[in-house]
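Shown next: start_32.pdb, given as PDB, C-alpha atoms.
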ATOM      1  CA  MET S   1      47.673 107.597  -5.918
ATOM      2  CA  ASN S   2      44.259 108.627  -4.673
ATOM      3  CA  ARG S   3      44.293 108.660  -0.859
ATOM      4  CA  ARG S   4      40.714 108.423   0.363
ATOM      5  CA  GLY S   5      41.288 107.769   4.053
ATOM      6  CA  THR S   6      43.468 106.136   6.631
ATOM      7  CA  ILE S   7      43.241 102.468   7.384
ATOM      8  CA  LEU S   8      44.889 101.010  10.463
ATOM      9  CA  THR S   9      45.307  97.276  10.303
ATOM     10  CA  THR S  10      47.199  94.711  12.225
ATOM     11  CA  LEU S  11      49.035  93.088   9.493
ATOM     12  CA  GLY S  12      53.825  96.418   6.489
ATOM     13  CA  LEU S  13      59.297  98.354  -0.164
ATOM     14  CA  THR S  14      62.524  98.540  -4.116
ATOM     15  CA  VAL S  15      62.888 102.025  -5.418
ATOM     16  CA  ALA S  16      63.398 102.018  -9.171
ATOM     17  CA  CYS S  17      66.569 103.909  -9.927
ATOM     18  CA  THR S  18      67.715 105.231 -13.263
ATOM     19  CA  GLY S  19      71.270 105.186 -14.500
ATOM     20  CA  ARG S  20      73.934 102.958 -13.044
ATOM     21  CA  PRO S  21      75.233 104.303  -9.735
ATOM     22  CA  SER S  22      78.409 102.971  -8.213
ATOM     23  CA  VAL S  23      77.845 100.236  -5.664
ATOM     24  CA  GLY S  24      80.363  99.447  -2.953
ATOM     25  CA  GLY S  25      81.807  96.064  -2.246
ATOM     26  CA  GLY S  26      80.804  93.591   0.401
ATOM     27  CA  THR S  27      83.496  93.955   3.032
ATOM     28  CA  GLU S  28      83.376  95.785   6.297
ATOM     29  CA  GLY S  29      85.248  99.067   6.414
ATOM     30  CA  GLU S  30      84.518 102.011   8.669
ATOM     31  CA  THR S  31      85.879 104.194  11.400
ATOM     32  CA  GLU S  32      83.016 104.267  13.865
ATOM     33  CA  ASP S  33      83.359 102.454  17.175
ATOM     34  CA  SER S  34      81.687  99.093  17.508
ATOM     35  CA  GLY S  35      81.258  96.426  20.079
ATOM     36  CA  SER S  36      78.694  96.002  22.833
ATOM     37  CA  THR S  37      78.913  95.921  26.588
ATOM     38  CA  THR S  38      76.443  95.515  29.426
ATOM     39  CA  SER S  39      76.388  97.450  32.673
ATOM     40  CA  ASN S  40      74.164  98.106  35.656
ATOM     41  CA  ASP S  41      72.806 101.227  33.952
ATOM     42  CA  PRO S  42      68.987 100.886  34.187
ATOM     43  CA  THR S  43      68.689 101.913  30.541
ATOM     44  CA  ASN S  44      70.561  98.815  29.365
ATOM     45  CA  PRO S  45      68.139  96.655  27.326
ATOM     46  CA  THR S  46      69.087  93.551  29.314
ATOM     47  CA  ASN S  47      68.381  93.073  33.004
ATOM     48  CA  PRO S  48      71.702  93.692  34.849
ATOM     49  CA  THR S  49      70.689  91.410  37.707
ATOM     50  CA  ASN S  50      69.244  88.672  35.523
ATOM     51  CA  PRO S  51      71.013  88.315  32.169
ATOM     52  CA  ASN S  52      68.388  85.986  30.730
ATOM     53  CA  PRO S  53      64.919  87.228  31.803
ATOM     54  CA  THR S  54      63.161  86.333  28.611
ATOM     55  CA  SER S  55      61.158  83.665  26.921
ATOM     56  CA  VAL S  56      62.558  82.468  23.619
ATOM     57  CA  GLY S  57      60.933  82.585  20.188
ATOM     58  CA  THR S  58      62.204  80.167  17.559
ATOM     59  CA  GLY S  59      62.386  79.769  13.825
ATOM     60  CA  GLU S  60      64.657  80.978  11.036
ATOM     61  CA  ASP S  61      64.755  80.897   7.298
ATOM     62  CA  GLU S  62      66.848  82.447   4.565
ATOM     63  CA  THR S  63      65.008  84.013   1.701
ATOM     64  CA  GLY S  64      65.390  84.350  -1.997
ATOM     65  CA  PRO S  65      63.615  86.071  -4.876
ATOM     66  CA  ASN S  66      60.160  87.530  -4.572
ATOM     67  CA  PRO S  67      57.904  86.182  -7.340
ATOM     68  CA  THR S  68      54.189  86.827  -7.631
ATOM     69  CA  THR S  69      51.613  84.385  -8.888
ATOM     70  CA  GLY S  70      49.428  84.737 -11.959
ATOM     71  CA  PRO S  71      46.344  82.919 -13.295
ATOM     72  CA  ASN S  72      46.459  80.332 -16.037
ATOM     73  CA  PRO S  73      44.552  81.913 -18.971
ATOM     74  CA  THR S  74      42.933  78.555 -19.770
ATOM     75  CA  THR S  75      42.012  77.154 -16.348
ATOM     76  CA  GLY S  76      42.071  80.263 -14.169
ATOM     77  CA  GLU S  77      44.346  78.465 -11.710
ATOM     78  CA  THR S  78      47.466  80.004 -10.235
ATOM     79  CA  THR S  79      50.437  78.766 -12.230
ATOM     80  CA  GLY S  80      53.338  81.089 -11.392
ATOM     81  CA  PRO S  81      54.502  84.582 -12.239
ATOM     82  CA  PRO S  82      53.718  86.204 -15.560
ATOM     83  CA  PRO S  83      56.575  85.469 -18.013
ATOM     84  CA  GLY S  84      59.472  87.848 -17.534
ATOM     85  CA  SER S  85      58.214  89.301 -14.237
ATOM     86  CA  ASP S  86      61.563  88.572 -12.613
ATOM     87  CA  ASN S  87      63.100  86.160 -15.107
ATOM     88  CA  CYS S  88      66.897  86.214 -15.121
ATOM     89  CA  CYS S  89      66.832  86.438 -18.918
ATOM     90  CA  GLU S  90      64.496  89.445 -19.064
ATOM     91  CA  VAL S  91      65.172  93.099 -18.215
ATOM     92  CA  HIS S  92      63.015  94.224 -15.259
ATOM     93  CA  GLU S  93      62.911  97.137 -12.828
ATOM     94  CA  GLY S  94      63.675  95.366  -9.551
ATOM     95  CA  PRO S  95      67.044  93.963  -8.442
ATOM     96  CA  GLY S  96      67.790  90.243  -8.579
ATOM     97  CA  CYS S  97      65.971  87.523 -10.502
ATOM     98  CA  ASN S  98      64.254  84.180 -10.041
ATOM     99  CA  GLU S  99      67.337  81.909  -9.941
ATOM    100  CA  PRO S 100      69.349  82.326  -6.701
ATOM    101  CA  GLU S 101      72.505  80.705  -8.099
ATOM    102  CA  VAL S 102      72.432  83.038 -11.095
ATOM    103  CA  VAL S 103      71.882  86.044  -8.812
ATOM    104  CA  ASP S 104      74.960  85.098  -6.761
ATOM    105  CA  CYS S 105      77.051  84.691  -9.911
ATOM    106  CA  VAL S 106      75.900  87.902 -11.607
ATOM    107  CA  CYS S 107      76.093  90.105  -8.519
ATOM    108  CA  ALA S 108      79.606  88.917  -7.726
ATOM    109  CA  GLN S 109      80.588  90.552 -11.038
ATOM    110  CA  GLU S 110      78.145  93.476 -11.109
ATOM    111  CA  ALA S 111      76.709  94.538  -7.729
ATOM    112  CA  PHE S 112      74.347  97.008  -9.438
ATOM    113  CA  CYS S 113      72.163  94.055 -10.423
ATOM    114  CA  CYS S 114      71.389  93.256  -6.778
ATOM    115  CA  ALA S 115      71.101  96.845  -5.635
ATOM    116  CA  PHE S 116      68.970  98.701  -8.154
ATOM    117  CA  ALA S 117      67.630  96.964 -11.270
ATOM    118  CA  TRP S 118      68.144  93.961 -13.556
ATOM    119  CA  ASP S 119      69.192  95.707 -16.783
ATOM    120  CA  GLN S 120      70.586  94.393 -20.074
ATOM    121  CA  MET S 121      74.116  93.998 -18.680
ATOM    122  CA  CYS S 122      72.700  91.790 -15.917
ATOM    123  CA  VAL S 123      70.776  89.739 -18.481
ATOM    124  CA  ASP S 124      73.914  89.302 -20.618
ATOM    125  CA  LEU S 125      75.896  88.067 -17.616
ATOM    126  CA  ALA S 126      73.063  85.750 -16.569
ATOM    127  CA  MET S 127      72.755  84.150 -20.004
ATOM    128  CA  GLY S 128      76.516  84.012 -20.536
ATOM    129  CA  ASP S 129      78.901  83.350 -17.659
ATOM    130  CA  CYS S 130      76.173  82.412 -15.173
ATOM    131  CA  MET S 131      74.186  79.925 -17.314
ATOM    132  CA  ALA S 132      70.636  80.992 -16.467
ATOM    133  CA  THR S 133      67.919  78.472 -17.394
ATOM    134  CA  CYS S 134      65.578  81.288 -18.547
ATOM    135  CA  GLU S 135      62.653  79.432 -16.971
ATOM    136  CA  ASP S 136      60.001  80.990 -14.758
ATOM    137  CA  PRO S 137      59.703  79.442 -11.275
ATOM    138  CA  PRO S 138      56.759  77.171 -10.349
ATOM    139  CA  ALA S 139      53.744  78.574  -8.567
ATOM    140  CA  THR S 140      54.542  79.897  -5.104
ATOM    141  CA  THR S 141      53.794  77.706  -2.083
ATOM    142  CA  GLY S 142      53.861  80.200   0.751
ATOM    143  CA  GLU S 143      57.481  79.543   1.625
ATOM    144  CA  PRO S 144      59.364  82.453   3.266
ATOM    145  CA  GLY S 145      60.827  84.885   0.781
ATOM    146  CA  THR S 146      57.937  84.745  -1.670
ATOM    147  CA  THR S 147      54.863  86.827  -2.302
ATOM    148  CA  THR S 148      51.747  84.661  -2.097
ATOM    149  CA  GLY S 149      48.313  84.969  -3.668
ATOM    150  CA  MET S 150      46.953  86.681  -6.758
ATOM    151  CA  PRO S 151      48.462  89.996  -7.792
ATOM    152  CA  GLY S 152      46.687  92.718  -5.832
ATOM    153  CA  ALA S 153      45.389  96.094  -6.834
ATOM    154  CA  ASP S 154      47.235  99.363  -6.328
ATOM    155  CA  CYS S 155      46.608 101.046  -2.988
ATOM    156  CA  GLU S 156      43.916 103.707  -2.984
ATOM    157  CA  ASP S 157      44.151 104.605   0.719
ATOM    158  CA  ILE S 158      46.794 105.292   3.335
ATOM    159  CA  VAL S 159      47.613 102.072   5.183
ATOM    160  CA  THR S 160      49.661 102.100   8.390
ATOM    161  CA  PHE S 161      50.205  99.275  10.854
ATOM    162  CA  GLU S 162      52.649  98.175  13.541
ATOM    163  CA  MET S 163      54.150  94.760  14.168
ATOM    164  CA  GLN S 164      54.966  93.962  17.779
ATOM    165  CA  PRO S 165      58.051  92.056  18.978
ATOM    166  CA  ASN S 166      55.958  88.950  19.651
ATOM    167  CA  GLU S 167      54.915  88.905  15.970
ATOM    168  CA  ALA S 168      58.532  88.378  14.878
ATOM    169  CA  THR S 169      60.111  84.974  14.387
ATOM    170  CA  LEU S 170      63.250  84.871  16.547
ATOM    171  CA  SER S 171      66.179  82.496  16.285
ATOM    172  CA  GLY S 172      69.608  82.003  17.821
ATOM    173  CA  ALA S 173      70.409  84.396  20.668
ATOM    174  CA  TRP S 174      67.412  86.708  20.117
ATOM    175  CA  GLU S 175      64.697  86.474  22.777
ATOM    176  CA  LEU S 176      61.594  88.310  23.923
ATOM    177  CA  GLY S 177      62.028  90.431  27.044
ATOM    178  CA  MET S 178      60.472  93.316  28.921
ATOM    179  CA  SER S 179      62.011  96.786  28.881
ATOM    180  CA  MET S 180      63.099  98.294  32.205
ATOM    181  CA  ILE S 181      62.611 101.861  30.926
ATOM    182  CA  GLY S 182      58.980 101.797  29.841
ATOM    183  CA  GLU S 183      59.323 100.574  26.247
ATOM    184  CA  GLY S 184      57.203  97.498  26.913
ATOM    185  CA  GLU S 185      57.940  94.193  25.216
ATOM    186  CA  ILE S 186      61.236  94.166  23.318
ATOM    187  CA  ILE S 187      63.558  91.785  21.503
ATOM    188  CA  VAL S 188      66.869  91.296  23.332
ATOM    189  CA  LEU S 189      70.129  89.599  22.379
ATOM    190  CA  ASN S 190      71.073  87.049  25.047
ATOM    191  CA  GLN S 191      74.844  87.478  25.050
ATOM    192  CA  MET S 192      75.260  84.379  27.203
ATOM    193  CA  VAL S 193      74.032  82.390  24.189
ATOM    194  CA  GLY S 194      76.019  84.329  21.576
ATOM    195  CA  THR S 195      75.243  86.685  18.706
ATOM    196  CA  ASP S 196      73.806  84.318  16.088
ATOM    197  CA  GLY S 197      70.256  84.286  14.797
ATOM    198  CA  THR S 198      67.798  86.722  13.256
ATOM    199  CA  ILE S 199      64.713  88.851  13.887
ATOM    200  CA  LEU S 200      62.232  88.112  11.087
ATOM    201  CA  PHE S 201      59.092  90.176  10.495
ATOM    202  CA  GLU S 202      56.703  88.956   7.777
ATOM    203  CA  PRO S 203      54.190  91.730   7.030
ATOM    204  CA  ASP S 204      51.090  90.921   5.014
ATOM    205  CA  ILE S 205      50.857  93.762   2.495
ATOM    206  CA  PRO S 206      47.270  94.513   1.382
ATOM    207  CA  CYS S 207      47.919  96.367  -1.898
ATOM    208  CA  ASN S 208      50.642  97.397  -4.365
ATOM    209  CA  ASP S 209      52.602 100.519  -3.436
ATOM    210  CA  THR S 210      55.884 101.951  -2.165
ATOM    211  CA  TRP S 211      56.192 101.000   1.496
ATOM    212  CA  TYR S 212      58.217 102.590   4.280
ATOM    213  CA  VAL S 213      59.533 100.615   7.252
ATOM    214  CA  TRP S 214      60.190 102.404  10.541
ATOM    215  CA  VAL S 215      62.186 100.592  13.220
ATOM    216  CA  ARG S 216      62.147 101.169  16.958
ATOM    217  CA  TYR S 217      65.909 100.700  17.401
ATOM    218  CA  TRP S 218      68.007 100.591  20.591
ATOM    219  CA  GLU S 219      71.032 102.886  20.817
ATOM    220  CA  GLN S 220      73.749 102.824  23.458
ATOM    221  CA  GLY S 221      76.634 105.137  22.600
ATOM    222  CA  GLN S 222      77.956 104.109  19.184
ATOM    223  CA  ASP S 223      75.995 100.850  19.154
ATOM    224  CA  ASP S 224      72.927 101.521  17.010
ATOM    225  CA  SER S 225      73.137  99.370  13.857
ATOM    226  CA  TYR S 226      71.938  95.995  12.577
ATOM    227  CA  PHE S 227      72.411  93.929   9.434
ATOM    228  CA  ALA S 228      69.201  93.906   7.376
ATOM    229  CA  THR S 229      67.595  92.349   4.301
ATOM    230  CA  ILE S 230      64.263  92.838   2.530
ATOM    231  CA  ASP S 231      62.888  89.676   0.925
ATOM    232  CA  GLY S 232      66.334  88.123   1.285
ATOM    233  CA  MET S 233      68.244  90.913  -0.465
ATOM    234  CA  PRO S 234      70.912  92.214  -0.692
ATOM    235  CA  MET S 235      73.666  89.689  -0.102
ATOM    236  CA  PRO S 236      75.888  90.445   1.691
ATOM    237  CA  GLU S 237      73.404  92.107   3.993
ATOM    238  CA  ALA S 238      72.865  95.849   4.137
ATOM    239  CA  ILE S 239      73.726  97.812   7.259
ATOM    240  CA  PHE S 240      70.784  99.612   8.857
ATOM    241  CA  GLU S 241      71.918 102.520  11.045
ATOM    242  CA  GLY S 242      69.514 103.863  13.631
ATOM    243  CA  ASP S 243      71.628 106.958  14.331
ATOM    244  CA  CYS S 244      74.849 107.275  12.356
ATOM    245  CA  THR S 245      76.088 110.142  14.562
ATOM    246  CA  GLY S 246      76.163 107.988  17.704
ATOM    247  CA  GLY S 247      76.253 109.080  21.316
ATOM    248  CA  GLY S 248      72.600 108.617  22.245
ATOM    249  CA  GLN S 249      70.911 106.141  24.529
ATOM    250  CA  GLY S 250      67.451 104.605  24.533
ATOM    251  CA  TYR S 251      64.775 103.609  22.013
ATOM    252  CA  SER S 252      63.994 105.830  19.007
ATOM    253  CA  TRP S 253      62.293 105.572  15.609
ATOM    254  CA  ALA S 254      64.315 105.533  12.373
ATOM    255  CA  ALA S 255      63.266 104.824   8.795
ATOM    256  CA  LEU S 256      64.988 101.749   7.395
ATOM    257  CA  ASN S 257      68.088 102.716   5.386
ATOM    258  CA  TRP S 258      70.643 100.795   3.296
ATOM    259  CA  ARG S 259      74.336 101.327   3.890
ATOM    260  CA  ASP S 260      76.804  99.182   1.973
ATOM    261  CA  GLN S 261      79.208  97.240   4.172
ATOM    262  CA  ALA S 262      82.166  98.891   2.417
ATOM    263  CA  ASP S 263      80.927 102.426   3.128
ATOM    264  CA  GLY S 264      81.424 104.590   6.190
ATOM    265  CA  PRO S 265      78.784 105.883   8.616
ATOM    266  CA  CYS S 266      76.006 108.106   7.245
ATOM    267  CA  THR S 267      76.650 107.019   3.615
ATOM    268  CA  TYR S 268      73.651 105.256   2.094
ATOM    269  CA  LEU S 269      72.634 103.562  -1.133
ATOM    270  CA  GLU S 270      69.011 104.196  -0.182
ATOM    271  CA  ASP S 271      67.632 106.419   2.579
ATOM    272  CA  PRO S 272      64.876 105.663   3.155
ATOM    273  CA  TRP S 273      65.060 102.106   1.896
ATOM    274  CA  ALA S 274      61.498 101.843   0.612
ATOM    275  CA  PRO S 275      60.626  98.926  -1.683
ATOM    276  CA  ASN S 276      57.814  98.749  -4.212
ATOM    277  CA  TRP S 277      55.883  95.847  -2.719
ATOM    278  CA  ASP S 278      53.034  93.968  -4.361
ATOM    279  CA  ALA S 279      50.211  92.640  -2.207
ATOM    280  CA  GLY S 280      51.196  89.525  -0.263
ATOM    281  CA  THR S 281      53.571  88.388   2.447
ATOM    282  CA  HIS S 282      57.051  89.915   2.500
ATOM    283  CA  GLN S 283      60.076  89.693   4.786
ATOM    284  CA  VAL S 284      62.097  92.223   6.745
ATOM    285  CA  GLU S 285      64.944  90.495   8.578
ATOM    286  CA  PHE S 286      67.561  91.811  11.001
ATOM    287  CA  SER S 287      70.656  90.270  12.562
ATOM    288  CA  TYR S 288      73.202  91.419  15.118
ATOM    289  CA  ARG S 289      75.834  94.001  14.260
ATOM    290  CA  GLU S 290      76.062  96.432  17.194
ATOM    291  CA  SER S 291      72.710  97.006  18.867
ATOM    292  CA  LEU S 292      71.581  94.587  21.565
ATOM    293  CA  ALA S 293      67.825  95.120  21.313
ATOM    294  CA  MET S 294      64.900  96.188  19.137
ATOM    295  CA  GLY S 295      61.305  97.181  19.752
ATOM    296  CA  ARG S 296      58.388  97.104  17.336
ATOM    297  CA  ILE S 297      58.319  98.162  13.672
ATOM    298  CA  LEU S 298      55.836 100.335  11.771
ATOM    299  CA  ILE S 299      54.954  99.888   8.091
ATOM    300  CA  THR S 300      53.160 102.477   5.975
ATOM    301  CA  ASN S 301      52.623 103.651   2.409
ATOM    302  CA  ASP S 302      52.512 107.252   3.673
ATOM    303  CA  GLN S 303      55.845 108.828   2.700
ATOM    304  CA  ASP S 304      55.156 111.818   4.963
ATOM    305  CA  LEU S 305      54.418 109.875   8.134
ATOM    306  CA  ILE S 306      56.826 110.277  11.053
ATOM    307  CA  PRO S 307      55.986 108.101  14.085
ATOM    308  CA  ALA S 308      55.442 109.843  17.399
ATOM    309  CA  PRO S 309      58.452 109.558  19.747
TER     310      PRO S 309
END

When written as structure tokens, how does the structure in this file appear?
Amino acid sequence: MNRRGTILTTLGLTVACTGRPSVGGGTEGETEDSGSTTSNDPTNPTNPTNPNPTSVGTGEDETGPNPTTGPNPTTGETTGPPPGSDNCCEVHEGPGCNEPEVVDCVCAQEAFCCAFAWDQMCVDLAMGDCMATCEDPPATTGEPGTTTGMPGADCEDIVTFEMQPNEATLSGAWELGMSMIGEGEIIVLNQMVGTDGTILFEPDIPCNDTWYVWVRYWEQGQDDSYFATIDGMPMPEAIFEGDCTGGGQGYSWAALNWRDQADGPCTYLEDPWAPNWDAGTHQVEFSYRESLAMGRILITNDQDLIPAP
């Protein structure tokens, strides 16, 4: 890709894999410590003297496949994705396909199909046991989990932008708060409410490329991980580990990674977890696993970029 400059915007990823790697199951199994506690330590992400100092953001949605729209060759109007772009009955590079029920059925038998690519085995399962309709979806409407607009051009420049906590859609026990250790605005889990809900970022991607997501995660001892999905995948959710070695404390940057729920710490299906995104709106969603807070995120198509501490 020809990089002709750096563009900073205020708008933020599947890696095609060859072969058929082994994919773990969907159950939790590990040896690291978990659980979360609060204390009067000033580095705790929540205020020890006021457990609920935040204003609340609302809104939640689950997501599905990620189709793109294409023009009708007769009218020029947007009519839906080009045939076979992510059709359950067609081999394609990305994981999953355009029928959520078929995806659930196929991936319950062959997890590879939701982790790496939709190959011929996935197609055979879809058309056999899982009764795919083999129809392309209707034109996208801007609903969460879809890519909207005409297919964009490939990126020609470096694009890097941040998304602040107040740009996320928060639900359940997640709230906006202010850091007591100089981090600024953060997203905090209100434990008095519970542990439900999600942190949903919806970056508007300007061009087609491989994109890298960096997360300003909160670590307190062993508590540094979240559940994560990109455009609603995978299911069950991936584990994103900020620091798989544990023992630290405070806010730090980490590139988004994908650990299967059946695998132990520091074992990843993808690290970094960097999807090939087309231009349009995408979703990066987190939910509670261990960590009680999160700062901003950074999205870039520069594979060599490392955010400043």

>> As an exercise, work out the distance from atom CA of Phe116 of chain S to atom CA of Gly246 of chain S in Å and give it to one decimal place.
In response: 28.4 Å

Expand the PyMOL selection byres ((chain S and resi 163-172) around 7) into the explicit residue set it covers here, and present it as a short mmCIF file (atom, residue, chain, number, x, y, z; two decimals) with C-alpha atoms, in the coordinates of the input.
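So the final result, stored in part-v8.cif, reads:
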data_model
loop_
_atom_site.label_atom_id
_atom_site.label_comp_id
_atom_site.auth_asym_id
_atom_site.auth_seq_id
_atom_site.Cartn_x
_atom_site.Cartn_y
_atom_site.Cartn_z
CA GLY S 57 60.93 82.58 20.19
CA THR S 58 62.20 80.17 17.56
CA GLY S 59 62.39 79.77 13.82
CA GLU S 60 64.66 80.98 11.04
CA PHE S 161 50.20 99.28 10.85
CA GLU S 162 52.65 98.18 13.54
CA ALA S 173 70.41 84.40 20.67
CA TRP S 174 67.41 86.71 20.12
CA GLU S 175 64.70 86.47 22.78
CA GLU S 185 57.94 94.19 25.22
CA ILE S 186 61.24 94.17 23.32
CA ILE S 187 63.56 91.78 21.50
CA ASP S 196 73.81 84.32 16.09
CA GLY S 197 70.26 84.29 14.80
CA THR S 198 67.80 86.72 13.26
CA ILE S 199 64.71 88.85 13.89
CA LEU S 200 62.23 88.11 11.09
CA PHE S 201 59.09 90.18 10.50
CA GLY S 295 61.30 97.18 19.75
CA ARG S 296 58.39 97.10 17.34
CA ILE S 297 58.32 98.16 13.67
CA LEU S 298 55.84 100.34 11.77
#

>> Could you tell me how far atom CA of Pro307 of chain S sits from atom CA of Cys155 of chain S, in Å to one decimal place?
In response: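 Separating atom CA of Cys155 of chain S from atom CA of Pro307 of chain S is a distance of 20.7 Å.
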
> When you draw a straight line from atom CA of Met294 of chain S to atom CA of Ser252 of chain S, how long is it in Å?
Replying inline: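 Atom CA of Met294 of chain S sits 9.7 Å away from atom CA of Ser252 of chain S.
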
Identify, on the basis of all atoms listed in the file, every residue whose closest approach to Ile239 of chain S does not exceed 9 Å; exclude the query and any residue fewer than 3 positions from it along the same chain; express the result as an mmCIF file with C-alpha atoms, keeping the file's coordinate frame.
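What ended up in selection39.cif:
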data_model
loop_
_atom_site.group_PDB
_atom_site.id
_atom_site.type_symbol
_atom_site.label_atom_id
_atom_site.label_comp_id
_atom_site.auth_asym_id
_atom_site.auth_seq_id
_atom_site.Cartn_x
_atom_site.Cartn_y
_atom_site.Cartn_z
ATOM 1 C CA SER S 225 73.137 99.370 13.857
ATOM 2 C CA TYR S 226 71.938 95.995 12.577
ATOM 3 C CA PHE S 227 72.411 93.929 9.434
ATOM 4 C CA ALA S 228 69.201 93.906 7.376
ATOM 5 C CA THR S 229 67.595 92.349 4.301
ATOM 6 C CA ASN S 257 68.088 102.716 5.386
ATOM 7 C CA TRP S 258 70.643 100.795 3.296
ATOM 8 C CA ARG S 259 74.336 101.327 3.890
ATOM 9 C CA ASP S 260 76.804 99.182 1.973
ATOM 10 C CA GLN S 261 79.208 97.240 4.172
ATOM 11 C CA ARG S 289 75.834 94.001 14.260
#

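Using the PyMOL selection byres ((chain S and resi 123-133) around 8) on the file at hand returns these residues: Cys88, Cys89, Glu90, Val91, Glu99, Val102, Val103, Cys105, Val106, Trp118, Asp119, Gln120, Met121, Cys122, Cys134 and Glu135 of chain S.
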
Put those residues in a file: C-alpha atoms, as an mmCIF file, in the coordinates of the input.
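Writing the result to result.cif gives the following:
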data_model
loop_
_atom_site.group_PDB
_atom_site.id
_atom_site.type_symbol
_atom_site.label_atom_id
_atom_site.label_comp_id
_atom_site.auth_asym_id
_atom_site.auth_seq_id
_atom_site.Cartn_x
_atom_site.Cartn_y
_atom_site.Cartn_z
ATOM 1 C CA CYS S 88 66.897 86.214 -15.121
ATOM 2 C CA CYS S 89 66.832 86.438 -18.918
ATOM 3 C CA GLU S 90 64.496 89.445 -19.064
ATOM 4 C CA VAL S 91 65.172 93.099 -18.215
ATOM 5 C CA GLU S 99 67.337 81.909 -9.941
ATOM 6 C CA VAL S 102 72.432 83.038 -11.095
ATOM 7 C CA VAL S 103 71.882 86.044 -8.812
ATOM 8 C CA CYS S 105 77.051 84.691 -9.911
ATOM 9 C CA VAL S 106 75.900 87.902 -11.607
ATOM 10 C CA TRP S 118 68.144 93.961 -13.556
ATOM 11 C CA ASP S 119 69.192 95.707 -16.783
ATOM 12 C CA GLN S 120 70.586 94.393 -20.074
ATOM 13 C CA MET S 121 74.116 93.998 -18.680
ATOM 14 C CA CYS S 122 72.700 91.790 -15.917
ATOM 15 C CA CYS S 134 65.578 81.288 -18.547
ATOM 16 C CA GLU S 135 62.653 79.432 -16.971
#

> Hey, which of S:Gly94, S:Pro234, S:Pro275, S:Pro309 ends up closest to Ala108 of chain S? Count all atoms listed in the file.
Replying inline: S:Pro234

>> What would the selection look like, as a ChimeraX atom specification, if the PyMOL selection byres ((chain S and resi 253) around 9) were run on the coordinates I just shared?
In response: /S:214-217,242,251-252,254-255,297,306-309

> When distances are computed from only C-alpha atoms, which of S:Gln283, S:Asn301, S:Thr267, S:Asn87 shows the smallest separation from Asp209 of chain S?
Replying inline: S:Asn301

> Looking at all atoms listed in the file, which of S:Ala153, S:Val159, S:Leu256, S:Met235 is the one that sits closest to Ala274 of chain S?
Replying inline: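 Nearest candidate to Ala274 of chain S out of S:Ala153, S:Val159, S:Leu256, S:Met235: S:Leu256.
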
Take segment 218-229 of chain S, bring it up to N, CA and C atoms, and give me the output as a PDB file, in the frame of the given file.
ATOM      1  N   TRP S 218      67.360 100.305  19.308  1.00  0.00           N
ATOM      2  CA  TRP S 218      68.007 100.591  20.591  1.00  0.00           C
ATOM      3  C   TRP S 218      69.405 101.137  20.329  1.00  0.00           C
ATOM      4  N   GLU S 219      69.713 102.270  20.960  1.00  0.00           N
ATOM      5  CA  GLU S 219      71.032 102.886  20.817  1.00  0.00           C
ATOM      6  C   GLU S 219      71.688 103.013  22.178  1.00  0.00           C
ATOM      7  N   GLN S 220      72.947 102.625  22.255  1.00  0.00           N
ATOM      8  CA  GLN S 220      73.749 102.824  23.458  1.00  0.00           C
ATOM      9  C   GLN S 220      75.138 103.275  23.012  1.00  0.00           C
ATOM     10  N   GLY S 221      75.375 104.591  23.084  1.00  0.00           N
ATOM     11  CA  GLY S 221      76.634 105.137  22.600  1.00  0.00           C
ATOM     12  C   GLY S 221      76.727 105.005  21.091  1.00  0.00           C
ATOM     13  N   GLN S 222      77.761 104.323  20.619  1.00  0.00           N
ATOM     14  CA  GLN S 222      77.956 104.109  19.184  1.00  0.00           C
ATOM     15  C   GLN S 222      77.203 102.888  18.658  1.00  0.00           C
ATOM     16  N   ASP S 223      76.601 102.124  19.557  1.00  0.00           N
ATOM     17  CA  ASP S 223      75.995 100.850  19.154  1.00  0.00           C
ATOM     18  C   ASP S 223      74.534 101.052  18.771  1.00  0.00           C
ATOM     19  N   ASP S 224      74.279 101.201  17.462  1.00  0.00           N
ATOM     20  CA  ASP S 224      72.927 101.521  17.010  1.00  0.00           C
ATOM     21  C   ASP S 224      72.551 100.833  15.705  1.00  0.00           C
ATOM     22  N   SER S 225      73.373  99.915  15.196  1.00  0.00           N
ATOM     23  CA  SER S 225      73.137  99.370  13.857  1.00  0.00           C
ATOM     24  C   SER S 225      72.870  97.866  13.882  1.00  0.00           C
ATOM     25  N   TYR S 226      72.253  97.406  12.793  1.00  0.00           N
ATOM     26  CA  TYR S 226      71.938  95.995  12.577  1.00  0.00           C
ATOM     27  C   TYR S 226      72.278  95.656  11.121  1.00  0.00           C
ATOM     28  N   PHE S 227      72.445  94.384  10.814  1.00  0.00           N
ATOM     29  CA  PHE S 227      72.411  93.929   9.434  1.00  0.00           C
ATOM     30  C   PHE S 227      70.946  93.719   9.053  1.00  0.00           C
ATOM     31  N   ALA S 228      70.604  93.985   7.782  1.00  0.00           N
ATOM     32  CA  ALA S 228      69.201  93.906   7.376  1.00  0.00           C
ATOM     33  C   ALA S 228      69.070  93.429   5.936  1.00  0.00           C
ATOM     34  N   THR S 229      67.974  92.716   5.670  1.00  0.00           N
ATOM     35  CA  THR S 229      67.595  92.349   4.301  1.00  0.00           C
ATOM     36  C   THR S 229      66.094  92.552   4.134  1.00  0.00           C
TER      37      THR S 229
END
